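File shown here: run-v2.csv, holding CSV, C-alpha atoms and all ligand atoms.
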chain,number,residue,atom,x,y,z
P,1,VAL,CA,50.0,224.1,170.1
P,2,ALA,CA,46.4,225.4,169.5
P,3,ASP,CA,43.7,224.1,171.9
P,4,PHE,CA,40.0,223.6,171.0
P,5,ASP,CA,37.0,221.8,172.4
P,6,VAL,CA,36.6,219.8,169.2
P,7,VAL,CA,38.9,219.3,166.2
P,8,ILE,CA,37.4,217.9,163.0
P,9,ILE,CA,39.4,216.3,160.1
P,10,GLY,CA,37.6,217.0,156.8
P,11,ALA,CA,35.2,219.7,155.5
P,12,GLY,CA,32.8,217.4,153.7
P,13,PRO,CA,29.1,217.4,154.7
P,14,ALA,CA,29.8,215.1,157.7
P,15,GLY,CA,32.5,217.3,159.2
P,16,ILE,CA,30.7,220.6,158.6
P,17,ALA,CA,27.4,219.3,160.1
P,18,THR,CA,29.3,218.3,163.3
P,19,ALA,CA,31.1,221.7,163.3
P,20,ILE,CA,27.8,223.7,162.9
P,21,LYS,CA,26.1,221.9,165.7
P,22,CYS,CA,29.1,222.2,168.1
P,23,CYS,CA,29.7,225.9,167.3
P,24,ASP,CA,26.0,226.7,167.7
P,25,ALA,CA,26.2,225.2,171.2
P,26,GLY,CA,29.1,227.5,172.1
P,27,LEU,CA,32.0,225.1,171.7
P,28,SER,CA,35.3,226.1,170.2
P,29,VAL,CA,35.9,224.2,167.0
P,30,LEU,CA,38.7,223.7,164.4
P,31,ILE,CA,38.3,222.1,161.0
P,32,VAL,CA,41.4,220.8,159.3
P,33,GLU,CA,40.8,220.3,155.5
P,34,SER,CA,43.6,219.2,153.1
P,35,GLN,CA,42.1,220.6,149.9
P,36,ALA,CA,41.4,224.2,148.9
P,37,PHE,CA,37.8,224.9,148.0
P,38,PRO,CA,36.1,224.8,145.6
P,39,ARG,CA,37.1,221.2,145.2
P,40,HIS,CA,35.4,218.5,143.1
P,41,ARG,CA,33.6,215.6,144.8
P,42,PRO,CA,31.0,213.2,143.2
P,43,GLY,CA,27.6,212.8,144.7
P,44,GLU,CA,25.1,215.4,143.4
P,45,SER,CA,21.7,213.6,143.8
P,46,PHE,CA,20.3,214.1,147.3
P,47,HIS,CA,17.5,212.1,148.8
P,48,PRO,CA,14.5,214.2,149.9
P,49,GLY,CA,15.4,213.4,153.5
P,50,VAL,CA,18.2,216.0,153.4
P,51,GLU,CA,15.7,218.8,153.3
P,52,PRO,CA,14.9,218.9,157.0
P,53,LEU,CA,18.6,218.4,157.7
P,54,PHE,CA,19.5,221.5,155.6
P,55,HIS,CA,16.8,223.3,157.6
P,56,CYS,CA,18.3,222.1,160.9
P,57,LEU,CA,21.7,223.3,159.8
P,58,GLY,CA,20.4,226.7,158.8
P,59,VAL,CA,21.3,226.5,155.1
P,60,LEU,CA,18.0,225.6,153.4
P,61,ASN,CA,17.3,229.2,152.1
P,62,GLU,CA,20.8,229.4,150.6
P,63,ILE,CA,20.4,226.0,149.0
P,64,ASN,CA,17.0,227.0,147.5
P,65,ASN,CA,18.6,230.2,146.2
P,66,LEU,CA,20.7,228.0,144.0
P,67,LYS,CA,17.4,227.1,142.3
P,68,PRO,CA,18.4,223.4,142.2
P,69,ILE,CA,16.6,220.8,140.0
P,70,ARG,CA,14.1,219.1,142.3
P,71,TYR,CA,12.7,215.7,141.4
P,72,SER,CA,9.9,213.6,142.9
P,73,GLY,CA,11.4,210.3,142.0
P,74,TYR,CA,13.4,208.5,139.3
P,75,TRP,CA,12.9,206.4,136.2
P,76,VAL,CA,13.8,202.7,136.2
P,77,SER,CA,14.6,201.4,132.7
P,78,ARG,CA,15.1,197.8,131.8
P,79,GLY,CA,15.0,196.2,128.4
P,80,GLY,CA,13.8,199.5,126.9
P,81,VAL,CA,10.8,199.7,129.3
P,82,ARG,CA,10.6,202.6,131.7
P,83,GLU,CA,8.7,202.9,135.0
P,84,HIS,CA,8.6,205.9,137.4
P,85,VAL,CA,9.3,205.4,141.1
P,86,PHE,CA,8.2,208.1,143.5
P,87,PHE,CA,10.1,208.8,146.7
P,88,GLY,CA,6.8,209.2,148.6
P,89,SER,CA,4.4,211.9,149.6
P,90,ASP,CA,2.4,213.5,152.4
P,91,ASN,CA,-0.4,216.2,152.7
P,92,SER,CA,1.9,218.8,151.3
P,93,GLY,CA,2.6,216.8,148.1
P,94,HIS,CA,5.4,214.7,146.7
P,95,TRP,CA,8.8,214.5,148.5
P,96,LYS,CA,11.5,215.9,146.3
P,97,GLY,CA,15.2,215.2,146.0
P,98,PHE,CA,17.8,217.9,145.0
P,99,GLN,CA,20.4,218.0,142.3
P,100,ILE,CA,23.3,220.2,143.4
P,101,TRP,CA,27.0,220.4,142.6
P,102,ARG,CA,28.9,219.3,145.6
P,103,ALA,CA,31.3,222.2,145.4
P,104,ASP,CA,28.3,224.5,145.8
P,105,LEU,CA,26.8,222.5,148.7
P,106,ASP,CA,30.2,222.2,150.5
P,107,LYS,CA,30.9,226.0,150.2
P,108,ILE,CA,27.5,226.9,151.6
P,109,LEU,CA,28.0,224.6,154.5
P,110,LEU,CA,31.6,225.7,155.2
P,111,ASP,CA,30.5,229.4,155.0
P,112,ARG,CA,27.8,228.7,157.6
P,113,ALA,CA,30.3,227.0,159.9
P,114,THR,CA,32.7,230.0,159.6
P,115,ARG,CA,29.8,232.4,160.4
P,116,ALA,CA,29.1,230.3,163.5
P,117,GLY,CA,32.6,230.9,164.7
P,118,CYS,CA,34.5,227.8,163.5
P,119,ASP,CA,38.2,228.1,162.9
P,120,VAL,CA,39.4,226.5,159.6
P,121,TRP,CA,42.9,225.4,158.6
P,122,GLN,CA,42.8,224.9,154.9
P,123,PRO,CA,44.5,223.7,152.9
P,124,CYS,CA,46.2,221.7,155.7
P,125,ARG,CA,46.7,218.0,155.9
P,126,ALA,CA,46.2,216.1,159.1
P,127,ASN,CA,49.2,213.9,159.4
P,128,ARG,CA,48.5,211.7,162.5
P,129,PRO,CA,46.3,211.6,165.6
P,130,MET,CA,48.0,212.4,168.9
P,131,VAL,CA,47.4,209.6,171.5
P,132,LYS,CA,48.1,209.7,175.2
P,133,ASP,CA,47.4,206.8,177.6
P,134,GLY,CA,45.1,205.1,175.1
P,135,ARG,CA,43.1,208.3,174.5
P,136,VAL,CA,43.1,210.5,171.3
P,137,VAL,CA,44.0,214.0,172.5
P,138,GLY,CA,44.6,215.9,169.3
P,139,VAL,CA,46.2,215.9,165.8
P,140,ALA,CA,49.5,216.7,164.2
P,141,THR,CA,49.0,218.6,161.0
P,142,GLU,CA,51.2,220.3,158.4
P,143,ASN,CA,50.4,223.6,160.2
P,144,GLY,CA,51.3,222.4,163.7
P,145,HIS,CA,49.6,220.6,166.5
P,146,ALA,CA,46.0,221.0,167.7
P,147,THR,CA,44.7,219.4,170.9
P,148,SER,CA,41.1,218.8,172.0
P,149,PRO,CA,39.1,216.5,174.3
P,150,PHE,CA,37.4,215.2,171.1
P,151,LEU,CA,38.8,214.5,167.7
P,152,ILE,CA,36.2,213.9,164.9
P,153,ASP,CA,37.3,211.9,161.9
P,154,ALA,CA,35.2,213.1,158.8
P,155,SER,CA,37.9,212.3,156.3
P,156,GLY,CA,35.7,210.2,154.0
P,157,GLY,CA,36.4,206.8,152.4
P,158,CYS,CA,40.1,206.9,153.1
P,159,HIS,CA,39.3,206.1,156.8
P,160,TRP,CA,42.1,208.3,158.1
P,161,LEU,CA,41.7,207.6,161.8
P,162,ALA,CA,40.8,203.9,161.4
P,163,ARG,CA,44.1,203.4,159.5
P,164,HIS,CA,46.2,205.3,162.1
P,165,LEU,CA,44.6,203.5,165.1
P,166,ASP,CA,44.5,200.2,163.3
P,167,LEU,CA,40.7,199.9,163.8
P,168,GLN,CA,38.8,196.9,162.3
P,169,ILE,CA,36.9,197.8,159.1
P,170,SER,CA,34.2,195.2,158.3
P,171,HIS,CA,33.1,194.5,154.7
P,172,ALA,CA,29.4,193.8,154.0
P,173,SER,CA,29.7,193.2,150.2
P,174,PRO,CA,32.1,191.8,147.8
P,175,ARG,CA,34.7,194.2,146.4
P,176,LEU,CA,32.8,196.8,144.4
P,177,THR,CA,33.9,199.7,142.2
P,178,ALA,CA,31.8,202.6,140.9
P,179,ALA,CA,32.8,204.4,137.7
P,180,TYR,CA,31.6,208.0,137.2
P,181,GLY,CA,31.9,211.0,135.0
P,182,TYR,CA,30.2,214.0,133.6
P,183,ALA,CA,28.8,214.8,130.2
P,184,SER,CA,28.0,218.1,128.5
P,185,SER,CA,24.4,217.9,127.4
P,186,LEU,CA,22.1,220.9,126.8
P,187,ILE,CA,18.7,220.6,128.3
P,188,GLN,CA,16.1,219.7,125.7
P,189,LYS,CA,12.6,221.1,125.4
P,190,GLY,CA,10.2,218.8,127.2
P,191,GLU,CA,13.1,216.7,128.7
P,192,MET,CA,12.1,214.7,131.8
P,193,LEU,CA,14.4,216.0,134.6
P,194,ASP,CA,14.1,213.0,136.9
P,195,PRO,CA,17.2,210.8,137.0
P,196,ILE,CA,17.2,207.5,135.2
P,197,LEU,CA,18.4,204.2,136.7
P,198,ASN,CA,19.3,201.8,133.8
P,199,LEU,CA,19.3,198.1,134.7
P,200,ASP,CA,20.7,195.8,132.1
P,201,ASN,CA,23.0,192.8,132.0
P,202,GLY,CA,22.9,192.6,135.8
P,203,MET,CA,24.5,196.1,136.2
P,204,TRP,CA,23.1,199.5,137.1
P,205,ARG,CA,23.9,202.9,135.6
P,206,TRP,CA,22.5,206.2,137.0
P,207,GLU,CA,22.2,209.3,134.9
P,208,ALA,CA,21.1,212.6,136.5
P,209,ARG,CA,20.9,216.1,135.1
P,210,ILE,CA,22.8,218.5,137.5
P,211,ASP,CA,22.1,221.7,135.7
P,212,GLU,CA,21.1,222.9,132.2
P,213,ASN,CA,24.4,221.9,130.7
P,214,THR,CA,25.6,218.8,132.6
P,215,ILE,CA,24.6,215.2,133.2
P,216,HIS,CA,26.3,213.1,135.8
P,217,TRP,CA,26.6,209.4,135.2
P,218,CYS,CA,27.7,206.7,137.5
P,219,GLU,CA,27.6,202.9,137.3
P,220,LEU,CA,28.6,199.9,139.3
P,221,SER,CA,31.4,198.8,137.1
P,222,PRO,CA,33.2,195.6,136.4
P,223,ALA,CA,37.0,195.8,136.0
P,224,ARG,CA,36.8,197.8,132.7
P,225,LEU,CA,35.6,201.4,132.4
P,226,ASN,CA,32.6,201.9,130.3
P,227,CYS,CA,33.3,205.2,128.5
P,228,LYS,CA,31.6,204.6,125.2
P,229,ASP,CA,29.1,207.4,126.0
P,230,SER,CA,27.6,209.4,123.2
P,231,PHE,CA,28.2,212.3,125.5
P,232,LEU,CA,31.2,214.6,125.4
P,233,ASN,CA,32.9,213.9,128.8
P,234,ARG,CA,33.8,217.0,130.7
P,235,TYR,CA,36.0,215.4,133.3
P,236,PRO,CA,37.8,212.1,132.7
P,237,ALA,CA,35.9,209.2,134.1
P,238,ARG,CA,37.1,207.8,137.4
P,239,ARG,CA,36.7,204.7,139.4
P,240,VAL,CA,36.3,204.5,143.2
P,241,ASP,CA,36.2,201.7,145.7
P,242,THR,CA,32.6,201.6,146.9
P,243,THR,CA,32.7,198.3,148.8
P,244,TRP,CA,30.1,198.4,151.6
P,245,ARG,CA,32.1,198.8,154.8
P,246,SER,CA,32.0,200.2,158.3
P,247,VAL,CA,34.4,200.8,161.1
P,248,ASP,CA,33.5,198.5,164.1
P,249,ALA,CA,34.7,201.0,166.7
P,250,SER,CA,33.1,204.2,165.3
P,251,ALA,CA,33.6,206.0,168.6
P,252,GLY,CA,36.2,205.5,171.3
P,253,ALA,CA,38.2,207.3,174.0
P,254,GLY,CA,38.5,210.9,172.7
P,255,TYR,CA,37.1,210.3,169.2
P,256,PHE,CA,34.0,209.9,167.0
P,257,ILE,CA,34.0,208.9,163.3
P,258,VAL,CA,31.3,210.4,161.0
P,259,GLY,CA,30.1,210.1,157.4
P,260,ASP,CA,32.0,207.9,154.9
P,261,ALA,CA,34.9,207.6,157.3
P,262,ALA,CA,32.6,205.6,159.6
P,263,ALA,CA,30.4,203.7,157.1
P,264,LEU,CA,30.1,203.6,153.3
P,265,MET,CA,27.9,202.0,150.7
P,266,ASP,CA,27.9,202.1,147.0
P,267,PRO,CA,26.1,205.1,145.4
P,268,ALA,CA,23.0,203.0,144.7
P,269,SER,CA,22.0,203.5,148.3
P,270,SER,CA,21.5,207.2,147.5
P,271,HIS,CA,22.1,207.9,151.2
P,272,GLY,CA,25.8,209.0,151.2
P,273,VAL,CA,25.3,212.7,151.9
P,274,LEU,CA,22.2,212.0,154.0
P,275,ARG,CA,24.2,209.7,156.2
P,276,ALA,CA,27.1,212.2,156.4
P,277,LEU,CA,24.8,215.0,157.5
P,278,MET,CA,22.8,212.8,160.0
P,279,SER,CA,25.9,211.3,161.6
P,280,GLY,CA,27.5,214.8,161.8
P,281,ILE,CA,24.4,216.3,163.5
P,282,MET,CA,24.2,213.3,165.8
P,283,VAL,CA,27.8,213.6,166.9
P,284,GLY,CA,27.5,217.3,167.3
P,285,HIS,CA,24.5,216.7,169.6
P,286,LEU,CA,26.4,213.9,171.6
P,287,VAL,CA,29.6,215.9,172.1
P,288,THR,CA,27.6,219.0,173.2
P,289,SER,CA,25.7,216.8,175.7
P,290,ILE,CA,29.0,215.6,177.2
P,291,PHE,CA,30.4,219.2,177.5
P,292,HIS,CA,27.2,220.4,179.1
P,293,GLY,CA,27.1,217.6,181.6
P,294,ARG,CA,23.9,216.0,180.2
P,295,SER,CA,25.5,212.8,179.2
P,296,SER,CA,28.6,210.8,180.3
P,297,GLU,CA,31.2,210.1,177.7
P,298,TYR,CA,30.7,206.4,178.0
P,299,SER,CA,27.0,206.5,177.3
P,300,ALA,CA,27.5,208.9,174.3
P,301,LEU,CA,30.1,206.6,172.8
P,302,PHE,CA,27.9,203.6,173.3
P,303,ALA,CA,24.8,205.3,171.9
P,304,TYR,CA,26.6,206.4,168.8
P,305,ARG,CA,28.2,203.0,168.0
P,306,HIS,CA,24.9,201.3,168.5
P,307,TRP,CA,23.0,203.9,166.3
P,308,LEU,CA,25.4,203.8,163.5
P,309,THR,CA,25.7,200.0,163.4
P,310,ALA,CA,21.9,199.6,163.4
P,311,TRP,CA,21.6,202.1,160.5
P,312,PHE,CA,24.3,200.6,158.5
P,313,ASN,CA,23.0,197.1,158.9
P,314,ALA,CA,19.4,198.2,158.0
P,315,ASP,CA,20.7,200.1,154.9
P,316,SER,CA,22.8,197.1,153.8
P,317,ALA,CA,19.8,194.7,154.1
P,318,ALA,CA,17.6,197.2,152.2
P,319,LEU,CA,20.1,197.6,149.4
P,320,LEU,CA,20.7,193.9,149.1
P,321,ARG,CA,16.9,193.5,148.8
P,322,ILE,CA,16.8,196.1,146.0
P,323,TYR,CA,19.7,194.3,144.2
P,324,THR,CA,17.9,191.0,144.4
P,325,ASP,CA,14.4,192.4,143.5
P,326,ARG,CA,15.9,194.1,140.4
P,327,GLY,CA,17.8,191.1,139.2
P,328,LEU,CA,21.2,192.6,139.9
P,329,ASP,CA,23.9,190.2,140.9
P,330,LEU,CA,26.5,191.5,143.4
P,331,ALA,CA,28.7,188.5,142.7
P,332,MET,CA,28.9,189.5,139.1
P,333,VAL,CA,30.6,192.8,139.9
P,334,ASP,CA,33.1,191.2,142.3
P,335,ILE,CA,36.5,192.2,140.8
Q,1,LIG,C1,30.8,208.0,142.2
Q,1,LIG,C2,30.0,208.4,143.5
Q,1,LIG,C3,28.7,208.9,143.3
Q,1,LIG,C4,28.0,209.3,144.5
Q,1,LIG,N1,26.8,209.8,144.3
Q,1,LIG,C5,26.1,210.1,145.4
Q,1,LIG,C6,24.8,210.7,145.3
Q,1,LIG,O1,24.3,210.9,144.2
Q,1,LIG,N2,24.1,211.1,146.4
Q,1,LIG,C7,24.7,210.9,147.7
Q,1,LIG,O2,24.0,211.3,148.7
Q,1,LIG,N3,25.9,210.4,147.8
Q,1,LIG,C8,26.6,210.0,146.7
Q,1,LIG,N4,27.9,209.5,146.9
Q,1,LIG,C9,28.4,209.4,148.3
Q,1,LIG,C10,28.9,210.7,148.8
Q,1,LIG,O3,29.8,211.3,147.9
Q,1,LIG,C11,29.6,210.6,150.1
Q,1,LIG,O4,28.8,209.7,150.9
Q,1,LIG,C12,29.8,211.9,150.9
Q,1,LIG,O5,30.7,212.7,150.1
Q,1,LIG,C13,30.4,211.6,152.3
Q,1,LIG,O6,30.6,212.9,152.9
Q,1,LIG,P1,31.8,213.0,154.0
Q,1,LIG,O7,31.7,214.3,154.6
Q,1,LIG,O8,31.7,211.8,154.9
Q,1,LIG,O9,33.2,212.8,153.2
Q,1,LIG,P2,33.8,213.6,152.0
Q,1,LIG,O10,32.8,214.4,151.3
Q,1,LIG,O11,34.6,212.6,151.2
Q,1,LIG,O12,34.8,214.7,152.7
Q,1,LIG,C14,36.0,214.3,153.3
Q,1,LIG,C15,36.9,215.5,153.4
Q,1,LIG,O13,38.0,215.1,154.2
Q,1,LIG,C16,39.2,215.7,153.6
Q,1,LIG,N5,40.4,214.9,154.1
Q,1,LIG,C17,40.6,213.6,153.8
Q,1,LIG,N6,41.8,213.2,154.4
Q,1,LIG,C18,42.3,214.4,155.1
Q,1,LIG,C19,43.4,214.6,155.9
Q,1,LIG,N7,44.4,213.7,156.1
Q,1,LIG,N8,43.6,215.9,156.4
Q,1,LIG,C20,42.6,216.8,156.1
Q,1,LIG,N9,41.5,216.6,155.4
Q,1,LIG,C21,41.3,215.4,154.9
Q,1,LIG,C22,38.9,215.5,152.1
Q,1,LIG,O14,39.7,216.5,151.4
Q,1,LIG,C23,37.4,215.8,152.0
Q,1,LIG,O15,37.2,217.2,151.8
Q,1,LIG,C24,28.6,209.1,145.8
Q,1,LIG,C25,29.9,208.6,145.9
Q,1,LIG,C26,30.6,208.2,144.8
Q,1,LIG,C27,32.0,207.7,144.9
Using structure tokens, write down the structure that the file contains.
Ligand SMILES: Cc1cc2nc3c(=O)[nH]c(=O)nc-3n(C[C@H](O)[C@H](O)[C@H](O)COP(=O)(O)OP(=O)(O)OC[C@H]3O[C@@H](n4cnc5c(N)ncnc54)[C@H](O)[C@@H]3O)c2cc1C
Amino acid sequence: VADFDVVIIGAGPAGIATAIKCCDAGLSVLIVESQAFPRHRPGESFHPGVEPLFHCLGVLNEINNLKPIRYSGYWVSRGGVREHVFFGSDNSGHWKGFQIWRADLDKILLDRATRAGCDVWQPCRANRPMVKDGRVVGVATENGHATSPFLIDASGGCHWLARHLDLQISHASPRLTAAYGYASSLIQKGEMLDPILNLDNGMWRWEARIDENTIHWCELSPARLNCKDSFLNRYPARRVDTTWRSVDASAGAGYFIVGDAAALMDPASSHGVLRALMSGIMVGHLVTSIFHGRSSEYSALFAYRHWLTAWFNADSAALLRIYTDRGLDLAMVDI
């Protein structure tokens, strides 16, 4: 049995952000990741709010070295009419989002965690949490057991820990499915690089250029897949359950849940990676506070649950307003 201060399930942005903050504070950390990297994951348009988080995690220079497409807003198109929506601005100019392949982002983050001293078991599947006297005390994996005072579930939308502990998952929308895919498309001279949100027939469809050869498309889809693109699809289109949902007990005795594993909304919220990084940084901070005696476990668990629920509720209300204002009908996409 290997023993650590913190064990994290999943090497997406949420898990790695937790790992970096804990390692930088001197804790011993293990990440258990079932897939070998590079591995594909959707979600390449990042809200400008990730920029200070990249800085906080010490990866902003490496991200900028990728020379990602930066965009100050996006186009909203309805009935053939286009309007540009800016994210916002301050004295230094317009705030800008990032277009980055997730495999590139996740590799930069994982390399940073490894440099900070994090142990990584990969590829290695976490089979089940170990529970003693009502407290999570570790994890049983394909490679053996790892114990720790805190287990962090960053496994994404499969809600690994919630399923094993039978935690309540509350839904805040009807059942929703997003379809997504990629298309080869050479950059055209004079092409506008800002993504486009198409709103027609009560549905939305997002198209964003990731690099000079590739466009990502994603749409809130009814039961059928809309693949009649004029593009040549690079990967087969896929469908994912993006029902808005959150785990009621996102922290408890011996565990915290971060990122999509804790709370998830459909991609129109554009906050998935932002929320993953923020929740990971927050939990890294709280776990460190407990270890260094600055906070009791009880108050850290309470603070996290309250913070995450308030954010999820505010995001759900804001997204519902956007749907209503833009004439989109959530009930129409209930499948
Ligand atoms: C179609 C689509 C488009 C999206 N577009 C955007 C976008 O443009 N912008 C944006 O910000 N967000 C977007 N999102 C959301 C974004 O992808 C997620 O919010 C983000 O990936 C969450 O990060 P995470 O670290 O919580 O989980 P993930 O990135 O899902 O990482 C979880 C990790 O856990 C691992 N894992 C799972 N189970 C186990 C196990 N048992 N043992 C070990 N490892 C395990 C997985 O292999 C994975 O690597 C999109 C989502 C979808 C579905």
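The shortest atom-to-atom distance to Cys124 (chain P), with all atoms listed in the file taken into account, belongs to P:Gly144 out of P:Gly93, P:Gly284, P:Gly144, P:Gly157.
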Next on the checklist: For a quick check of understanding, using all atoms listed in the file, which of P:Ala146, P:Val137, P:Val258, P:Val240 has the smallest distance to Leu277 (chain P)?
Outcome noted: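 Among P:Ala146, P:Val137, P:Val258, P:Val240, it is P:Val258 that comes nearest to Leu277 (chain P).
As for CA of Ile196 (chain P) and CA of Leu328 (chain P), they are spaced 16.1 Å apart.
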Next on the checklist: Please find the residues contacting ligand LIG 1 (chain Q) at a distance of at most 6 Å between atoms, with all atoms listed in the file counted, and report them as a PyMOL selection string.
Outcome noted: chain P and resi 9-15+32-35+42-46+125-127+154-156+178+180+218+240+259-261+267+270-274+276
Export, as a PDB file, in the frame of the given file, the selected residues with C-alpha atoms.
ATOM      1  CA  ILE P   9      39.400 216.300 160.100  1.00  0.00           C
ATOM      2  CA  GLY P  10      37.600 217.000 156.800  1.00  0.00           C
ATOM      3  CA  ALA P  11      35.200 219.700 155.500  1.00  0.00           C
ATOM      4  CA  GLY P  12      32.800 217.400 153.700  1.00  0.00           C
ATOM      5  CA  PRO P  13      29.100 217.400 154.700  1.00  0.00           C
ATOM      6  CA  ALA P  14      29.800 215.100 157.700  1.00  0.00           C
ATOM      7  CA  GLY P  15      32.500 217.300 159.200  1.00  0.00           C
ATOM      8  CA  VAL P  32      41.400 220.800 159.300  1.00  0.00           C
ATOM      9  CA  GLU P  33      40.800 220.300 155.500  1.00  0.00           C
ATOM     10  CA  SER P  34      43.600 219.200 153.100  1.00  0.00           C
ATOM     11  CA  GLN P  35      42.100 220.600 149.900  1.00  0.00           C
ATOM     12  CA  PRO P  42      31.000 213.200 143.200  1.00  0.00           C
ATOM     13  CA  GLY P  43      27.600 212.800 144.700  1.00  0.00           C
ATOM     14  CA  GLU P  44      25.100 215.400 143.400  1.00  0.00           C
ATOM     15  CA  SER P  45      21.700 213.600 143.800  1.00  0.00           C
ATOM     16  CA  PHE P  46      20.300 214.100 147.300  1.00  0.00           C
ATOM     17  CA  ARG P 125      46.700 218.000 155.900  1.00  0.00           C
ATOM     18  CA  ALA P 126      46.200 216.100 159.100  1.00  0.00           C
ATOM     19  CA  ASN P 127      49.200 213.900 159.400  1.00  0.00           C
ATOM     20  CA  ALA P 154      35.200 213.100 158.800  1.00  0.00           C
ATOM     21  CA  SER P 155      37.900 212.300 156.300  1.00  0.00           C
ATOM     22  CA  GLY P 156      35.700 210.200 154.000  1.00  0.00           C
ATOM     23  CA  ALA P 178      31.800 202.600 140.900  1.00  0.00           C
ATOM     24  CA  TYR P 180      31.600 208.000 137.200  1.00  0.00           C
ATOM     25  CA  CYS P 218      27.700 206.700 137.500  1.00  0.00           C
ATOM     26  CA  VAL P 240      36.300 204.500 143.200  1.00  0.00           C
ATOM     27  CA  GLY P 259      30.100 210.100 157.400  1.00  0.00           C
ATOM     28  CA  ASP P 260      32.000 207.900 154.900  1.00  0.00           C
ATOM     29  CA  ALA P 261      34.900 207.600 157.300  1.00  0.00           C
ATOM     30  CA  PRO P 267      26.100 205.100 145.400  1.00  0.00           C
ATOM     31  CA  SER P 270      21.500 207.200 147.500  1.00  0.00           C
ATOM     32  CA  HIS P 271      22.100 207.900 151.200  1.00  0.00           C
ATOM     33  CA  GLY P 272      25.800 209.000 151.200  1.00  0.00           C
ATOM     34  CA  VAL P 273      25.300 212.700 151.900  1.00  0.00           C
ATOM     35  CA  LEU P 274      22.200 212.000 154.000  1.00  0.00           C
ATOM     36  CA  ALA P 276      27.100 212.200 156.400  1.00  0.00           C
TER      37      ALA P 276
END
Checklist outcome for this item: One decimal place gives the CA of Gly254 (chain P)-CA of Pro149 (chain P) separation as 5.9 Å
Next on the checklist: Ranking P:Leu109, P:Ala162, P:Ile210, P:Met130 by minimum distance to Cys56 (chain P) and counting only C-alpha atoms, which one comes first?
Outcome noted: P:Leu109
Next on the checklist: Using all atoms listed in the file - which residues lie no farther than 6 Å from the point (24.9, 193.2, 157.5) in the file's frame? Write them as an NGL selection string.
Outcome noted: :P and (172 or 313 or 316)
Next on the checklist: Report, in Å with one decimal, the straight-line distance from CA of His164 (chain P) to CA of Arg39 (chain P).
Outcome noted: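 These atoms are spaced 24.9 Å apart.
Between Gly117 (chain P) and the residues P:Ser72, P:Ser184, P:Ser170, P:Ser28, the shortest atom-to-atom distance, using only C-alpha atoms, involves P:Ser28.
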Next on the checklist: Given the point (30.6, 205.6, 172.5) in the coordinates of this file, which residues lie within 9 Å, counting all atoms listed in the file, and how would they look as a VMD selection string?
Outcome noted: chain P and resid 249 to 253 255 to 256 297 to 306
Checklist entry - From the set P:His171, P:Val283, P:Gln99, P:Leu220, which residue has the shortest atom-to-atom contact distance to Ile20 (chain P), counting only C-alpha atoms? => result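 Closest to Ile20 (chain P) of all the choices is P:Val283.
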Checklist entry - Could you name the residues that touch Asp315 (chain P) at 9 Å or less, counting all atoms listed in the file, but leaving out those on the same chain fewer than 3 positions away, as a ChimeraX atom specification? => result /P:265,269,271,310-312,318-320
Item to check | Among listed residues P:Ala36, P:Asp104, P:Val139, P:Arg115, nearest Val1 (chain P) (using only C-alpha atoms) | outcome: P:Val139
Checklist entry - Excluding same-chain residues fewer than 4 positions from His55 (chain P), what lies within 12 Å of it counting all atoms listed in the file, as a PyMOL selection string? => result chain P and resi 17+49-51+59-64+109+277+281
Export, as a compact mmCIF listing (two decimals), in the coordinates of the input, the selected residues with C-alpha atoms.
# COMPACT_ATOMS: atom_id res chain seq x y z
CA ALA P 17 27.40 219.30 160.10
CA GLY P 49 15.40 213.40 153.50
CA VAL P 50 18.20 216.00 153.40
CA GLU P 51 15.70 218.80 153.30
CA VAL P 59 21.30 226.50 155.10
CA LEU P 60 18.00 225.60 153.40
CA ASN P 61 17.30 229.20 152.10
CA GLU P 62 20.80 229.40 150.60
CA ILE P 63 20.40 226.00 149.00
CA ASN P 64 17.00 227.00 147.50
CA LEU P 109 28.00 224.60 154.50
CA LEU P 277 24.80 215.00 157.50
CA ILE P 281 24.40 216.30 163.50
